[in-house]
file data06.cif (mmCIF, C-alpha atoms)
data_query
loop_
_atom_site.label_atom_id
_atom_site.label_comp_id
_atom_site.auth_asym_id
_atom_site.auth_seq_id
_atom_site.Cartn_x
_atom_site.Cartn_y
_atom_site.Cartn_z
CA MET A 1 -16.96 -2.76 0.14
CA ILE A 2 -15.20 -5.68 -1.47
CA LEU A 3 -12.56 -7.48 0.55
CA SER A 4 -9.69 -6.53 -1.79
CA ALA A 5 -10.13 -2.84 -1.02
CA HIS A 6 -10.19 -3.55 2.72
CA LEU A 7 -7.07 -5.73 2.46
CA LEU A 8 -5.24 -3.02 0.55
CA ALA A 9 -6.19 -0.37 3.12
CA GLY A 10 -5.00 -2.54 6.00
CA ALA A 11 -1.75 -3.21 4.16
CA VAL A 12 -1.18 0.51 3.59
CA ILE A 13 -1.72 1.25 7.26
CA ALA A 14 0.75 -1.46 8.23
CA SER A 15 3.26 -0.21 5.67
CA LYS A 16 3.14 3.32 7.04
CA ILE A 17 2.92 2.50 10.75
CA SER A 18 5.63 0.02 11.66
CA ASN A 19 4.36 -0.47 15.21
CA PRO A 20 1.96 -3.45 15.07
CA ILE A 21 0.31 -2.46 18.37
CA LEU A 22 -0.92 0.68 16.63
CA ALA A 23 -1.16 -0.55 13.03
CA LEU A 24 -3.38 -3.58 13.62
CA PRO A 25 -6.20 -1.78 15.49
CA LEU A 26 -6.07 1.04 12.94
CA ALA A 27 -6.36 -1.50 10.12
CA LEU A 28 -9.44 -2.91 11.85
CA LEU A 29 -10.96 0.55 12.25
CA SER A 30 -10.25 1.31 8.60
CA HIS A 31 -12.85 -1.29 7.70
CA TYR A 32 -15.65 0.68 9.33
CA PHE A 33 -14.39 3.97 7.90
CA LEU A 34 -14.33 2.55 4.35
CA ASP A 35 -17.78 1.02 4.82
CA LEU A 36 -19.11 4.53 5.44
CA LEU A 37 -18.28 5.39 1.82
CA PRO A 38 -20.67 4.55 -1.01
CA GLN A 39 -19.97 0.99 -2.11
CA THR A 40 -21.25 -1.85 -4.22
CA GLU A 41 -20.83 -5.46 -3.18
CA TYR A 42 -21.26 -8.76 -4.93
CA SER A 43 -24.01 -11.07 -3.78
CA ILE A 44 -23.37 -13.90 -1.34
CA SER A 45 -27.07 -14.61 -0.85
CA ASN A 46 -26.67 -18.39 -0.65
CA ILE A 47 -24.22 -18.07 2.23
CA LYS A 48 -26.48 -15.57 3.99
CA ALA A 49 -29.47 -17.89 3.54
CA LYS A 50 -27.41 -20.90 4.70
CA ARG A 51 -28.07 -22.70 1.42
CA TRP A 52 -24.74 -24.47 1.71
CA SER A 53 -25.33 -26.85 -1.19
CA LYS A 54 -25.79 -23.85 -3.52
CA SER A 55 -23.07 -21.65 -2.03
CA LEU A 56 -20.01 -22.75 -4.07
CA LEU A 57 -20.23 -19.70 -6.35
CA ASP A 58 -20.53 -17.39 -3.33
CA TRP A 59 -17.49 -18.95 -1.67
CA SER A 60 -15.60 -18.72 -4.97
CA LYS A 61 -16.30 -14.98 -5.15
CA VAL A 62 -15.01 -14.49 -1.61
CA PHE A 63 -11.91 -16.62 -2.29
CA LEU A 64 -11.12 -14.78 -5.53
CA ASP A 65 -11.67 -11.40 -3.88
CA ILE A 66 -9.25 -12.21 -1.03
CA SER A 67 -6.75 -13.77 -3.45
CA PHE A 68 -6.86 -10.71 -5.70
CA GLY A 69 -6.25 -8.41 -2.73
CA ILE A 70 -3.30 -10.48 -1.55
CA LEU A 71 -1.89 -10.58 -5.08
CA LEU A 72 -2.08 -6.77 -5.36
CA ILE A 73 -0.36 -6.40 -1.99
CA TYR A 74 2.33 -8.83 -3.11
CA LEU A 75 2.88 -7.04 -6.42
CA PHE A 76 2.94 -3.48 -5.10
CA SER A 77 4.41 -3.69 -1.58
CA ASP A 78 7.87 -4.36 -0.21
CA LYS A 79 6.54 -7.78 0.90
CA SER A 80 7.17 -7.16 4.60
CA PRO A 81 5.34 -9.72 6.77
CA LEU A 82 3.80 -6.86 8.79
CA ILE A 83 2.09 -5.56 5.64
CA PHE A 84 0.38 -8.91 5.04
CA ILE A 85 -0.45 -9.28 8.74
CA GLY A 86 -1.85 -5.73 8.73
CA ALA A 87 -4.25 -6.63 5.95
CA ILE A 88 -5.97 -9.30 8.05
CA PRO A 89 -7.68 -7.09 10.67
CA ALA A 90 -9.11 -4.97 7.85
CA ILE A 91 -11.37 -7.86 6.79
CA ILE A 92 -12.30 -9.18 10.24
CA PRO A 93 -15.62 -7.29 10.40
CA ASP A 94 -16.79 -9.02 7.21
CA GLY A 95 -15.57 -12.33 8.63
CA MET A 96 -17.73 -11.63 11.65
CA THR A 97 -20.70 -11.60 9.27
CA LEU A 98 -20.08 -15.28 8.63
CA VAL A 99 -19.82 -15.89 12.37
CA TYR A 100 -23.16 -14.10 12.77
CA ILE A 101 -24.74 -16.29 10.08
CA LEU A 102 -23.55 -19.40 11.92
CA PHE A 103 -24.31 -18.17 15.46
CA PRO A 104 -27.02 -15.50 15.22
CA GLY A 105 -28.12 -15.87 18.84
CA LYS A 106 -24.84 -14.79 20.44
CA LYS A 107 -25.35 -11.32 21.90
CA LEU A 108 -21.92 -9.82 21.24
CA ILE A 109 -21.84 -11.13 17.67
CA LYS A 110 -25.38 -9.84 17.08
CA LEU A 111 -24.42 -6.42 18.48
CA HIS A 112 -21.43 -6.24 16.14
CA HIS A 113 -23.58 -7.33 13.20
CA LYS A 114 -26.13 -4.59 13.85
CA PHE A 115 -23.37 -1.98 14.12
CA HIS A 116 -21.65 -3.23 10.96
CA GLN A 117 -24.92 -3.25 9.02
CA THR A 118 -25.65 0.31 10.15
CA VAL A 119 -22.24 1.47 8.93
CA ASN A 120 -22.63 -0.44 5.65
CA ASN A 121 -26.06 0.98 4.96
CA VAL A 122 -25.41 4.68 5.49
CA TYR A 123 -26.22 5.32 1.82
CA ASP A 124 -28.85 2.59 1.45
CA THR A 125 -31.96 4.26 2.76
CA GLU A 126 -35.25 3.73 0.96
CA THR A 127 -35.40 7.39 0.00
CA LYS A 128 -31.78 7.84 -1.10
CA ARG A 129 -30.34 4.87 -3.00
CA LYS A 130 -26.78 5.17 -4.26
CA PRO A 131 -26.05 4.37 -7.89
CA ALA A 132 -24.10 1.11 -8.30
CA LEU A 133 -21.53 2.83 -10.54
CA TRP A 134 -20.74 5.33 -7.78
CA GLY A 135 -19.99 2.45 -5.40
CA ILE A 136 -17.77 0.71 -7.95
CA PHE A 137 -15.98 3.99 -8.72
CA MET A 138 -15.29 4.62 -5.01
CA GLN A 139 -13.77 1.18 -4.57
CA ILE A 140 -11.55 1.58 -7.62
CA ILE A 141 -10.34 4.94 -6.29
CA ILE A 142 -9.64 3.43 -2.83
CA ALA A 143 -7.70 0.56 -4.44
CA LEU A 144 -5.67 2.87 -6.67
CA ILE A 145 -4.81 5.19 -3.78
CA ALA A 146 -3.81 2.18 -1.67
CA ILE A 147 -1.63 0.75 -4.43
CA PHE A 148 0.03 4.14 -4.86
CA LEU A 149 0.70 4.36 -1.11
CA LEU A 150 2.10 0.84 -0.85
#
call {"tool": "encode", "arguments": {"input": "data06.cif", "output": "structure tokens"}}
result
Amino acid sequence: MILSAHLLAGAVIASKISNPILALPLALLSHYFLDLLPQTEYSISNIKAKRWSKSLLDWSKVFLDISFGILLIYLFSDKSPLIFIGAIPAIIPDGMTLVYILFPGKKLIKLHHKFHQTVNNVYDTETKRKPALWGIFMQIIIALIAIFLL
């Protein structure tokens, strides 16, 4: 799932649960729940392959995705600091992917990566591929619901 959808979900959780001790872990867990849904992601193959000299476009996609999510939160929320803080844990699992790329030998990071990949690939089996449009549609619906709830 793209980062904007995760950011929006974390922001919604923080907007509805004013206790940060509860809201922040729930925002983190929302990432895994949303990754269970059919999704389509943009490619960051140069980052994954550690081709740093060719990765500017990949980093630009990530930056624009995060910026777009933050802009939507800013436009549609009451701008409470907790809402913006609540969005952060919702993207940590994808941030851990970068940590895994940089430090693949660390056991705890590798364990998280395997779990995260399993959750992400629920619909990506060789026998049952999901249509890309279905993944895009699901993310649009998640974003619209989140914007409505903000």
call {"tool": "atom_distance", "arguments": {"input": "data06.cif", "atom1": "atom CA of Ser4 of chain A", "atom2": "atom CA of Ser67 of chain A"}}
result
8.0 Å
call {"tool": "atom_distance", "arguments": {"input": "data06.cif", "atom1": "atom CA of Leu28 of chain A", "atom2": "atom CA of Ala87 of chain A"}}
result
8.7 Å
call {"tool": "closest_residue", "arguments": {"input": "data06.cif", "among": "A:Phe63, A:Phe115, A:Tyr74, A:Phe68", "to": "Leu36 of chain A", "atoms": "only C-alpha atoms"}}
result
A:Phe115
call {"tool": "closest_residue", "arguments": {"input": "data06.cif", "among": "A:Ile2, A:Leu64, A:Ile88, A:Leu72", "to": "Leu144 of chain A", "atoms": "all atoms listed in the file"}}
result
A:Leu72
call {"tool": "atom_distance", "arguments": {"input": "data06.cif", "atom1": "atom CA of Glu41 of chain A", "atom2": "atom CA of Pro93 of chain A"}}
result
14.7 Å
call {"tool": "build_atoms", "arguments": {"input": "data06.cif", "residues": "segment 44-67 of chain A", "atoms": "N, CA and C atoms", "output": "PDB file, keeping the file's coordinate frame"}}
result
ATOM      1  N   ILE A  44     -23.680 -12.608  -1.962  1.00  0.00           N
ATOM      2  CA  ILE A  44     -23.370 -13.900  -1.340  1.00  0.00           C
ATOM      3  C   ILE A  44     -24.652 -14.409  -0.668  1.00  0.00           C
ATOM      4  N   SER A  45     -25.743 -14.298  -1.401  1.00  0.00           N
ATOM      5  CA  SER A  45     -27.070 -14.610  -0.850  1.00  0.00           C
ATOM      6  C   SER A  45     -27.218 -16.062  -0.403  1.00  0.00           C
ATOM      7  N   ASN A  46     -26.553 -16.985  -1.069  1.00  0.00           N
ATOM      8  CA  ASN A  46     -26.670 -18.390  -0.650  1.00  0.00           C
ATOM      9  C   ASN A  46     -25.990 -18.633   0.688  1.00  0.00           C
ATOM     10  N   ILE A  47     -24.872 -17.957   0.925  1.00  0.00           N
ATOM     11  CA  ILE A  47     -24.220 -18.070   2.230  1.00  0.00           C
ATOM     12  C   ILE A  47     -25.111 -17.445   3.297  1.00  0.00           C
ATOM     13  N   LYS A  48     -25.631 -16.248   3.021  1.00  0.00           N
ATOM     14  CA  LYS A  48     -26.480 -15.570   3.990  1.00  0.00           C
ATOM     15  C   LYS A  48     -27.732 -16.361   4.317  1.00  0.00           C
ATOM     16  N   ALA A  49     -28.258 -17.078   3.336  1.00  0.00           N
ATOM     17  CA  ALA A  49     -29.470 -17.890   3.540  1.00  0.00           C
ATOM     18  C   ALA A  49     -29.146 -19.300   4.032  1.00  0.00           C
ATOM     19  N   LYS A  50     -27.871 -19.588   4.251  1.00  0.00           N
ATOM     20  CA  LYS A  50     -27.410 -20.900   4.700  1.00  0.00           C
ATOM     21  C   LYS A  50     -27.798 -22.014   3.733  1.00  0.00           C
ATOM     22  N   ARG A  51     -27.828 -21.681   2.460  1.00  0.00           N
ATOM     23  CA  ARG A  51     -28.070 -22.700   1.420  1.00  0.00           C
ATOM     24  C   ARG A  51     -26.700 -23.244   1.008  1.00  0.00           C
ATOM     25  N   TRP A  52     -26.121 -24.037   1.880  1.00  0.00           N
ATOM     26  CA  TRP A  52     -24.740 -24.470   1.710  1.00  0.00           C
ATOM     27  C   TRP A  52     -24.531 -25.259   0.420  1.00  0.00           C
ATOM     28  N   SER A  53     -25.509 -26.050   0.020  1.00  0.00           N
ATOM     29  CA  SER A  53     -25.330 -26.850  -1.190  1.00  0.00           C
ATOM     30  C   SER A  53     -25.298 -25.989  -2.455  1.00  0.00           C
ATOM     31  N   LYS A  54     -25.792 -24.764  -2.372  1.00  0.00           N
ATOM     32  CA  LYS A  54     -25.790 -23.850  -3.520  1.00  0.00           C
ATOM     33  C   LYS A  54     -24.772 -22.720  -3.363  1.00  0.00           C
ATOM     34  N   SER A  55     -23.912 -22.799  -2.364  1.00  0.00           N
ATOM     35  CA  SER A  55     -23.070 -21.650  -2.030  1.00  0.00           C
ATOM     36  C   SER A  55     -21.670 -21.682  -2.648  1.00  0.00           C
ATOM     37  N   LEU A  56     -21.356 -22.648  -3.489  1.00  0.00           N
ATOM     38  CA  LEU A  56     -20.010 -22.750  -4.070  1.00  0.00           C
ATOM     39  C   LEU A  56     -19.625 -21.475  -4.829  1.00  0.00           C
ATOM     40  N   LEU A  57     -20.534 -20.929  -5.609  1.00  0.00           N
ATOM     41  CA  LEU A  57     -20.230 -19.700  -6.350  1.00  0.00           C
ATOM     42  C   LEU A  57     -19.965 -18.541  -5.389  1.00  0.00           C
ATOM     43  N   ASP A  58     -20.742 -18.439  -4.326  1.00  0.00           N
ATOM     44  CA  ASP A  58     -20.530 -17.390  -3.330  1.00  0.00           C
ATOM     45  C   ASP A  58     -19.150 -17.515  -2.696  1.00  0.00           C
ATOM     46  N   TRP A  59     -18.800 -18.724  -2.269  1.00  0.00           N
ATOM     47  CA  TRP A  59     -17.490 -18.950  -1.670  1.00  0.00           C
ATOM     48  C   TRP A  59     -16.368 -18.677  -2.669  1.00  0.00           C
ATOM     49  N   SER A  60     -16.601 -18.994  -3.927  1.00  0.00           N
ATOM     50  CA  SER A  60     -15.600 -18.720  -4.970  1.00  0.00           C
ATOM     51  C   SER A  60     -15.364 -17.222  -5.112  1.00  0.00           C
ATOM     52  N   LYS A  61     -16.437 -16.437  -5.065  1.00  0.00           N
ATOM     53  CA  LYS A  61     -16.300 -14.980  -5.150  1.00  0.00           C
ATOM     54  C   LYS A  61     -15.454 -14.452  -3.996  1.00  0.00           C
ATOM     55  N   VAL A  62     -15.742 -14.934  -2.792  1.00  0.00           N
ATOM     56  CA  VAL A  62     -15.010 -14.490  -1.610  1.00  0.00           C
ATOM     57  C   VAL A  62     -13.533 -14.894  -1.737  1.00  0.00           C
ATOM     58  N   PHE A  63     -13.288 -16.133  -2.136  1.00  0.00           N
ATOM     59  CA  PHE A  63     -11.910 -16.620  -2.290  1.00  0.00           C
ATOM     60  C   PHE A  63     -11.149 -15.802  -3.330  1.00  0.00           C
ATOM     61  N   LEU A  64     -11.775 -15.555  -4.471  1.00  0.00           N
ATOM     62  CA  LEU A  64     -11.120 -14.780  -5.530  1.00  0.00           C
ATOM     63  C   LEU A  64     -10.876 -13.335  -5.091  1.00  0.00           C
ATOM     64  N   ASP A  65     -11.808 -12.765  -4.382  1.00  0.00           N
ATOM     65  CA  ASP A  65     -11.670 -11.400  -3.880  1.00  0.00           C
ATOM     66  C   ASP A  65     -10.465 -11.297  -2.932  1.00  0.00           C
ATOM     67  N   ILE A  66     -10.380 -12.215  -1.968  1.00  0.00           N
ATOM     68  CA  ILE A  66      -9.250 -12.210  -1.030  1.00  0.00           C
ATOM     69  C   ILE A  66      -7.942 -12.484  -1.774  1.00  0.00           C
ATOM     70  N   SER A  67      -7.958 -13.438  -2.682  1.00  0.00           N
ATOM     71  CA  SER A  67      -6.750 -13.770  -3.450  1.00  0.00           C
ATOM     72  C   SER A  67      -6.278 -12.585  -4.279  1.00  0.00           C
TER      73      SER A  67
END
